[in-house]
$ cat upload37.cif   # mmCIF, N, CA and C atoms
data_coords
#
loop_
_atom_site.label_atom_id
_atom_site.label_comp_id
_atom_site.auth_asym_id
_atom_site.auth_seq_id
_atom_site.Cartn_x
_atom_site.Cartn_y
_atom_site.Cartn_z
N LEU X 781 0.83 -1.18 0.00
CA LEU X 781 0.00 0.00 0.00
C LEU X 781 0.88 1.25 0.00
N PRO X 782 0.46 2.25 -0.74
CA PRO X 782 1.23 3.50 -0.74
C PRO X 782 1.25 4.15 0.64
N GLN X 783 2.37 4.74 0.97
CA GLN X 783 2.53 5.39 2.27
C GLN X 783 1.50 6.49 2.45
N ASN X 784 0.95 6.60 3.64
CA ASN X 784 -0.04 7.63 4.03
C ASN X 784 -1.38 7.50 3.32
N SER X 785 -1.67 6.36 2.71
CA SER X 785 -2.95 6.22 2.01
C SER X 785 -3.96 5.40 2.81
N TYR X 786 -3.56 4.85 3.94
CA TYR X 786 -4.47 4.02 4.72
C TYR X 786 -4.25 4.24 6.21
N GLY X 787 -5.29 3.90 6.97
CA GLY X 787 -5.20 3.99 8.42
C GLY X 787 -6.05 2.89 9.04
N SER X 788 -5.86 2.65 10.31
CA SER X 788 -6.64 1.62 10.99
C SER X 788 -7.13 2.15 12.34
N ILE X 789 -8.26 1.59 12.75
CA ILE X 789 -8.87 1.97 14.01
C ILE X 789 -9.27 0.68 14.73
N PHE X 790 -8.93 0.58 16.00
CA PHE X 790 -9.37 -0.53 16.84
C PHE X 790 -10.24 0.07 17.94
N ILE X 791 -11.48 -0.37 18.01
CA ILE X 791 -12.40 0.12 19.05
C ILE X 791 -12.91 -1.06 19.84
N ARG X 792 -12.64 -1.03 21.13
CA ARG X 792 -13.15 -2.06 22.03
C ARG X 792 -14.16 -1.42 22.96
N ARG X 793 -15.34 -1.92 22.93
CA ARG X 793 -16.38 -1.43 23.84
C ARG X 793 -16.76 -2.57 24.76
N GLY X 794 -17.87 -3.21 24.53
CA GLY X 794 -18.27 -4.37 25.30
C GLY X 794 -18.12 -4.18 26.79
N ASP X 795 -17.46 -5.14 27.44
CA ASP X 795 -17.31 -5.14 28.89
C ASP X 795 -16.44 -3.99 29.40
N ARG X 796 -15.63 -3.38 28.53
CA ARG X 796 -14.76 -2.27 28.94
C ARG X 796 -15.58 -1.06 29.39
N LEU X 797 -16.79 -0.93 28.89
CA LEU X 797 -17.62 0.22 29.24
C LEU X 797 -18.17 0.14 30.66
N PHE X 798 -18.14 -1.03 31.27
CA PHE X 798 -18.67 -1.17 32.62
C PHE X 798 -17.74 -0.60 33.68
N HIS X 799 -16.42 -0.73 33.46
CA HIS X 799 -15.49 -0.36 34.52
C HIS X 799 -14.31 0.51 34.06
N GLU X 800 -13.87 0.34 32.84
CA GLU X 800 -12.58 0.91 32.44
C GLU X 800 -12.67 2.13 31.53
N SER X 801 -13.79 2.37 30.92
CA SER X 801 -13.85 3.43 29.91
C SER X 801 -15.25 3.98 29.82
N LYS X 802 -15.37 5.10 29.13
CA LYS X 802 -16.70 5.62 28.83
C LYS X 802 -16.88 5.58 27.31
N LEU X 803 -18.10 5.67 26.87
CA LEU X 803 -18.42 5.55 25.46
C LEU X 803 -17.86 6.74 24.68
N ILE X 804 -17.07 6.44 23.67
CA ILE X 804 -16.55 7.44 22.74
C ILE X 804 -17.21 7.16 21.39
N PRO X 805 -17.92 8.13 20.83
CA PRO X 805 -18.60 7.90 19.55
C PRO X 805 -17.62 7.52 18.44
N GLY X 806 -18.05 6.62 17.56
CA GLY X 806 -17.19 6.16 16.47
C GLY X 806 -16.73 7.27 15.56
N ASP X 807 -17.59 8.26 15.33
CA ASP X 807 -17.20 9.33 14.42
C ASP X 807 -16.02 10.14 14.97
N LEU X 808 -15.82 10.17 16.27
CA LEU X 808 -14.69 10.88 16.84
C LEU X 808 -13.37 10.23 16.42
N TYR X 809 -13.35 8.91 16.35
CA TYR X 809 -12.14 8.20 15.93
C TYR X 809 -11.76 8.55 14.49
N ILE X 810 -12.73 8.53 13.60
CA ILE X 810 -12.43 8.81 12.20
C ILE X 810 -12.06 10.29 12.02
N LYS X 811 -12.70 11.18 12.76
CA LYS X 811 -12.34 12.60 12.69
C LYS X 811 -10.89 12.80 13.10
N MET X 812 -10.47 12.18 14.18
CA MET X 812 -9.09 12.31 14.66
C MET X 812 -8.11 11.73 13.65
N LEU X 813 -8.45 10.58 13.08
CA LEU X 813 -7.58 9.95 12.09
C LEU X 813 -7.42 10.85 10.87
N LEU X 814 -8.51 11.43 10.40
CA LEU X 814 -8.44 12.30 9.23
C LEU X 814 -7.76 13.63 9.52
N GLU X 815 -7.81 14.10 10.75
CA GLU X 815 -7.07 15.31 11.12
C GLU X 815 -5.57 15.06 11.04
N LYS X 816 -5.14 13.90 11.49
CA LYS X 816 -3.72 13.57 11.48
C LYS X 816 -3.23 13.16 10.09
N CYS X 817 -4.09 12.52 9.33
CA CYS X 817 -3.73 12.00 8.00
C CYS X 817 -4.86 12.29 7.02
N PRO X 818 -4.94 13.52 6.52
CA PRO X 818 -6.09 13.90 5.69
C PRO X 818 -6.14 13.25 4.31
N PHE X 819 -5.08 12.59 3.87
CA PHE X 819 -5.06 12.00 2.53
C PHE X 819 -5.38 10.51 2.51
N ILE X 820 -5.86 10.00 3.63
CA ILE X 820 -6.20 8.58 3.72
C ILE X 820 -7.31 8.23 2.73
N LYS X 821 -7.12 7.10 2.04
CA LYS X 821 -8.13 6.61 1.10
C LYS X 821 -8.73 5.27 1.53
N THR X 822 -8.10 4.61 2.50
CA THR X 822 -8.60 3.34 3.01
C THR X 822 -8.52 3.35 4.53
N VAL X 823 -9.61 2.95 5.17
CA VAL X 823 -9.65 2.85 6.62
C VAL X 823 -10.10 1.43 6.98
N PHE X 824 -9.37 0.81 7.89
CA PHE X 824 -9.69 -0.52 8.38
C PHE X 824 -10.10 -0.42 9.83
N LEU X 825 -11.26 -0.97 10.16
CA LEU X 825 -11.80 -0.94 11.52
C LEU X 825 -11.86 -2.36 12.08
N GLN X 826 -11.42 -2.53 13.32
CA GLN X 826 -11.59 -3.79 14.04
C GLN X 826 -12.35 -3.48 15.32
N THR X 827 -13.44 -4.20 15.54
CA THR X 827 -14.27 -3.95 16.72
C THR X 827 -15.14 -5.16 17.03
N GLU X 828 -15.68 -5.18 18.23
CA GLU X 828 -16.67 -6.20 18.59
C GLU X 828 -18.06 -5.59 18.68
N ASP X 829 -18.15 -4.28 18.43
CA ASP X 829 -19.42 -3.57 18.53
C ASP X 829 -19.80 -3.02 17.15
N TYR X 830 -20.78 -3.63 16.54
CA TYR X 830 -21.17 -3.26 15.17
C TYR X 830 -21.62 -1.81 15.06
N THR X 831 -22.09 -1.23 16.15
CA THR X 831 -22.52 0.17 16.07
C THR X 831 -21.35 1.10 15.77
N CYS X 832 -20.13 0.70 16.11
CA CYS X 832 -18.95 1.50 15.74
C CYS X 832 -18.87 1.63 14.22
N TYR X 833 -19.05 0.51 13.54
CA TYR X 833 -19.05 0.52 12.07
C TYR X 833 -20.15 1.44 11.55
N GLU X 834 -21.34 1.32 12.11
CA GLU X 834 -22.45 2.15 11.65
C GLU X 834 -22.18 3.64 11.86
N GLU X 835 -21.59 3.99 12.99
CA GLU X 835 -21.28 5.40 13.28
C GLU X 835 -20.25 5.96 12.30
N ILE X 836 -19.22 5.18 12.03
CA ILE X 836 -18.18 5.64 11.11
C ILE X 836 -18.69 5.68 9.68
N GLN X 837 -19.46 4.67 9.29
CA GLN X 837 -20.03 4.66 7.95
C GLN X 837 -20.94 5.87 7.74
N LYS X 838 -21.73 6.21 8.73
CA LYS X 838 -22.61 7.38 8.65
C LYS X 838 -21.80 8.65 8.49
N PHE X 839 -20.71 8.78 9.24
CA PHE X 839 -19.85 9.96 9.13
C PHE X 839 -19.27 10.08 7.72
N ILE X 840 -18.79 8.96 7.17
CA ILE X 840 -18.22 8.96 5.83
C ILE X 840 -19.28 9.36 4.80
N ASN X 841 -20.47 8.78 4.92
CA ASN X 841 -21.55 9.11 3.98
C ASN X 841 -22.02 10.55 4.13
N ASP X 842 -22.23 10.99 5.35
CA ASP X 842 -22.72 12.35 5.59
C ASP X 842 -21.76 13.42 5.09
N ASN X 843 -20.46 13.11 5.13
CA ASN X 843 -19.44 14.06 4.71
C ASN X 843 -18.97 13.81 3.27
N LYS X 844 -19.63 12.86 2.61
CA LYS X 844 -19.35 12.56 1.20
C LYS X 844 -17.85 12.32 0.95
N LEU X 845 -17.26 11.51 1.82
CA LEU X 845 -15.84 11.19 1.72
C LEU X 845 -15.62 10.01 0.78
N ASN X 846 -14.59 10.09 -0.02
CA ASN X 846 -14.23 9.00 -0.93
C ASN X 846 -13.20 8.11 -0.23
N ILE X 847 -13.71 7.21 0.61
CA ILE X 847 -12.86 6.35 1.43
C ILE X 847 -13.34 4.91 1.29
N ASN X 848 -12.39 3.99 1.07
CA ASN X 848 -12.69 2.56 1.15
C ASN X 848 -12.72 2.21 2.63
N PHE X 849 -13.81 1.61 3.07
CA PHE X 849 -13.98 1.32 4.49
C PHE X 849 -14.11 -0.18 4.67
N ASP X 850 -13.11 -0.79 5.26
CA ASP X 850 -13.09 -2.22 5.53
C ASP X 850 -13.18 -2.44 7.03
N TYR X 851 -13.83 -3.51 7.42
CA TYR X 851 -13.88 -3.78 8.86
C TYR X 851 -13.89 -5.27 9.13
N ILE X 852 -13.47 -5.61 10.33
CA ILE X 852 -13.63 -6.95 10.84
C ILE X 852 -14.39 -6.82 12.16
N PHE X 853 -15.44 -7.58 12.26
CA PHE X 853 -16.30 -7.56 13.43
C PHE X 853 -16.19 -8.91 14.10
N TYR X 854 -15.98 -8.92 15.39
CA TYR X 854 -15.93 -10.18 16.11
C TYR X 854 -16.89 -10.13 17.29
N SER X 855 -17.54 -11.23 17.53
CA SER X 855 -18.52 -11.30 18.61
C SER X 855 -17.95 -12.08 19.79
N ASN X 856 -18.73 -12.16 20.84
CA ASN X 856 -18.31 -12.92 22.02
C ASN X 856 -18.15 -14.40 21.71
N ASN X 857 -18.79 -14.85 20.63
CA ASN X 857 -18.69 -16.26 20.23
C ASN X 857 -17.47 -16.50 19.35
N PHE X 858 -16.65 -15.47 19.17
CA PHE X 858 -15.46 -15.53 18.33
C PHE X 858 -15.80 -15.80 16.87
N ASP X 859 -16.98 -15.35 16.45
CA ASP X 859 -17.36 -15.38 15.04
C ASP X 859 -16.79 -14.13 14.40
N TYR X 860 -16.21 -14.26 13.24
CA TYR X 860 -15.60 -13.11 12.57
C TYR X 860 -16.31 -12.84 11.25
N VAL X 861 -16.49 -11.59 10.96
CA VAL X 861 -17.05 -11.18 9.68
C VAL X 861 -16.11 -10.13 9.11
N LEU X 862 -15.60 -10.38 7.93
CA LEU X 862 -14.76 -9.40 7.24
C LEU X 862 -15.57 -8.84 6.10
N GLU X 863 -15.67 -7.54 6.05
CA GLU X 863 -16.53 -6.89 5.07
C GLU X 863 -15.76 -5.79 4.39
N ASN X 864 -16.08 -5.56 3.14
CA ASN X 864 -15.51 -4.46 2.38
C ASN X 864 -16.65 -3.72 1.73
N SER X 865 -16.68 -2.44 1.92
CA SER X 865 -17.69 -1.63 1.23
C SER X 865 -17.04 -0.34 0.78
N LYS X 866 -17.17 -0.02 -0.48
CA LYS X 866 -16.61 1.23 -0.99
C LYS X 866 -17.66 2.30 -0.86
N LEU X 867 -17.35 3.31 -0.09
CA LEU X 867 -18.27 4.41 0.15
C LEU X 867 -17.73 5.63 -0.57
N GLN X 868 -18.48 6.11 -1.53
CA GLN X 868 -18.02 7.24 -2.32
C GLN X 868 -19.06 8.34 -2.35
N ALA X 869 -18.57 9.52 -2.66
CA ALA X 869 -19.46 10.66 -2.85
C ALA X 869 -20.20 10.49 -4.16
#
$ encode --input "upload37.cif" --output "structure tokens"
Amino acid sequence: LPQNSYGSIFIRRGDRLFHESKLIPGDLYIKMLLEKCPFIKTVFLQTEDYTCYEEIQKFINDNKLNINFDYIFYSNNFDYVLENSKLQA
């Protein structure tokens, strides 16, 4: 992959929200990533909370960003889903 063209985000919610952390909206992660690296064309998300994907996808769509958005979702049953969706303006 070309340098500075991709970024990754790992969001862990689940049981961490009970004792160790507070809820941080998914769009905040993508905003911070794009502030640091505004030329990113591919973002990879790993999470166990599907709503993180929905929050980031909504941000990309609402802002009409031309970003390839890939994610891996894992559940408590250790089921994995790898998805690719190209979201364009």
$ atom_distance --input "upload37.cif" --atom1 "atom CA of X:Ile789" --atom2 "atom C of X:Gly806"
9.6 Å
$ resolve_selection --input "upload37.cif" --expression "the PyMOL selection byres ((chain X and resi 812-823) around 5)" --output "number ranges by chain"
X: 784-787, 808-811, 824-825, 847-850
$ closest_residue --input "upload37.cif" --among "X:Cys832, X:Tyr851, X:Gln826, X:Asn846" --to "X:Ile791" --atoms "only N, CA and C atoms"
X:Gln826
$ resolve_selection --input "upload37.cif" --expression "the PyMOL selection byres ((chain X and resi 792) around 6)" --output "PDB file with N, CA and C atoms, in the frame of the given file"
ATOM      1  N   PHE X 790      -8.930   0.580  16.000  1.00  0.00           N
ATOM      2  CA  PHE X 790      -9.370  -0.530  16.840  1.00  0.00           C
ATOM      3  C   PHE X 790     -10.240   0.070  17.940  1.00  0.00           C
ATOM      4  N   ILE X 791     -11.480  -0.370  18.010  1.00  0.00           N
ATOM      5  CA  ILE X 791     -12.400   0.120  19.050  1.00  0.00           C
ATOM      6  C   ILE X 791     -12.910  -1.060  19.840  1.00  0.00           C
ATOM      7  N   ARG X 793     -15.340  -1.920  22.930  1.00  0.00           N
ATOM      8  CA  ARG X 793     -16.380  -1.430  23.840  1.00  0.00           C
ATOM      9  C   ARG X 793     -16.760  -2.570  24.760  1.00  0.00           C
ATOM     10  N   GLY X 794     -17.870  -3.210  24.530  1.00  0.00           N
ATOM     11  CA  GLY X 794     -18.270  -4.370  25.300  1.00  0.00           C
ATOM     12  C   GLY X 794     -18.120  -4.180  26.790  1.00  0.00           C
ATOM     13  N   THR X 827     -13.440  -4.200  15.540  1.00  0.00           N
ATOM     14  CA  THR X 827     -14.270  -3.950  16.720  1.00  0.00           C
ATOM     15  C   THR X 827     -15.140  -5.160  17.030  1.00  0.00           C
ATOM     16  N   GLU X 828     -15.680  -5.180  18.230  1.00  0.00           N
ATOM     17  CA  GLU X 828     -16.670  -6.200  18.590  1.00  0.00           C
ATOM     18  C   GLU X 828     -18.060  -5.590  18.680  1.00  0.00           C
TER      19      GLU X 828
END
$ atom_distance --input "upload37.cif" --atom1 "atom N of X:Ile852" --atom2 "atom CA of X:Glu835"
13.8 Å
$ select_by_dssp --input "upload37.cif" --residues "stretch 789-856 of chain X" --states "helix (DSSP H, G or I)" --output "PyMOL selection string"
chain X and resi 796-799+806-816+830-842
$ atom_distance --input "upload37.cif" --atom1 "atom C of X:Leu845" --atom2 "atom C of X:Thr831"
18.4 Å
$ axis_aligned_box --input "upload37.cif" --around "stretch 839-852 of chain X" --padding-each-side "3 Å" --output "lines of an AutoDock Vina configuration file"
center_x = -17.6
center_y = 3.6
center_z = 5.6
size_x = 16.3
size_y = 27.0
size_z = 19.1
$ build_atoms --input "upload37.cif" --residues "stretch 827-844 of chain X" --atoms "N, CA, C and O atoms" --output "compact mmCIF listing (two decimals), in the coordinates of the input"
# COMPACT_ATOMS: atom_id res chain seq x y z
N THR X 827 -13.44 -4.20 15.54
CA THR X 827 -14.27 -3.95 16.72
C THR X 827 -15.14 -5.16 17.03
O THR X 827 -15.34 -6.03 16.20
N GLU X 828 -15.68 -5.18 18.23
CA GLU X 828 -16.67 -6.20 18.59
C GLU X 828 -18.06 -5.59 18.68
O GLU X 828 -19.03 -6.27 18.97
N ASP X 829 -18.15 -4.28 18.43
CA ASP X 829 -19.42 -3.57 18.53
C ASP X 829 -19.80 -3.02 17.15
O ASP X 829 -19.20 -2.06 16.67
N TYR X 830 -20.78 -3.63 16.54
CA TYR X 830 -21.17 -3.26 15.17
C TYR X 830 -21.62 -1.81 15.06
O TYR X 830 -21.51 -1.20 14.00
N THR X 831 -22.09 -1.23 16.15
CA THR X 831 -22.52 0.17 16.07
C THR X 831 -21.35 1.10 15.77
O THR X 831 -21.55 2.17 15.21
N CYS X 832 -20.13 0.70 16.11
CA CYS X 832 -18.95 1.50 15.74
C CYS X 832 -18.87 1.63 14.22
O CYS X 832 -18.63 2.71 13.69
N TYR X 833 -19.05 0.51 13.54
CA TYR X 833 -19.05 0.52 12.07
C TYR X 833 -20.15 1.44 11.55
O TYR X 833 -19.91 2.26 10.67
N GLU X 834 -21.34 1.32 12.11
CA GLU X 834 -22.45 2.15 11.65
C GLU X 834 -22.18 3.64 11.86
O GLU X 834 -22.49 4.46 10.99
N GLU X 835 -21.59 3.99 12.99
CA GLU X 835 -21.28 5.40 13.28
C GLU X 835 -20.25 5.96 12.30
O GLU X 835 -20.40 7.08 11.80
N ILE X 836 -19.22 5.18 12.03
CA ILE X 836 -18.18 5.64 11.11
C ILE X 836 -18.69 5.68 9.68
O ILE X 836 -18.43 6.63 8.94
N GLN X 837 -19.46 4.67 9.29
CA GLN X 837 -20.03 4.66 7.95
C GLN X 837 -20.94 5.87 7.74
O GLN X 837 -20.91 6.52 6.69
N LYS X 838 -21.73 6.21 8.73
CA LYS X 838 -22.61 7.38 8.65
C LYS X 838 -21.80 8.65 8.49
O LYS X 838 -22.12 9.51 7.67
N PHE X 839 -20.71 8.78 9.24
CA PHE X 839 -19.85 9.96 9.13
C PHE X 839 -19.27 10.08 7.72
O PHE X 839 -19.25 11.16 7.12
N ILE X 840 -18.79 8.96 7.17
CA ILE X 840 -18.22 8.96 5.83
C ILE X 840 -19.28 9.36 4.80
O ILE X 840 -19.03 10.19 3.93
N ASN X 841 -20.47 8.78 4.92
CA ASN X 841 -21.55 9.11 3.98
C ASN X 841 -22.02 10.55 4.13
O ASN X 841 -22.17 11.26 3.13
N ASP X 842 -22.23 10.99 5.35
CA ASP X 842 -22.72 12.35 5.59
C ASP X 842 -21.76 13.42 5.09
O ASP X 842 -22.17 14.49 4.68
N ASN X 843 -20.46 13.11 5.13
CA ASN X 843 -19.44 14.06 4.71
C ASN X 843 -18.97 13.81 3.27
O ASN X 843 -18.01 14.45 2.82
N LYS X 844 -19.63 12.86 2.61
CA LYS X 844 -19.35 12.56 1.20
C LYS X 844 -17.85 12.32 0.95
O LYS X 844 -17.27 12.85 0.01
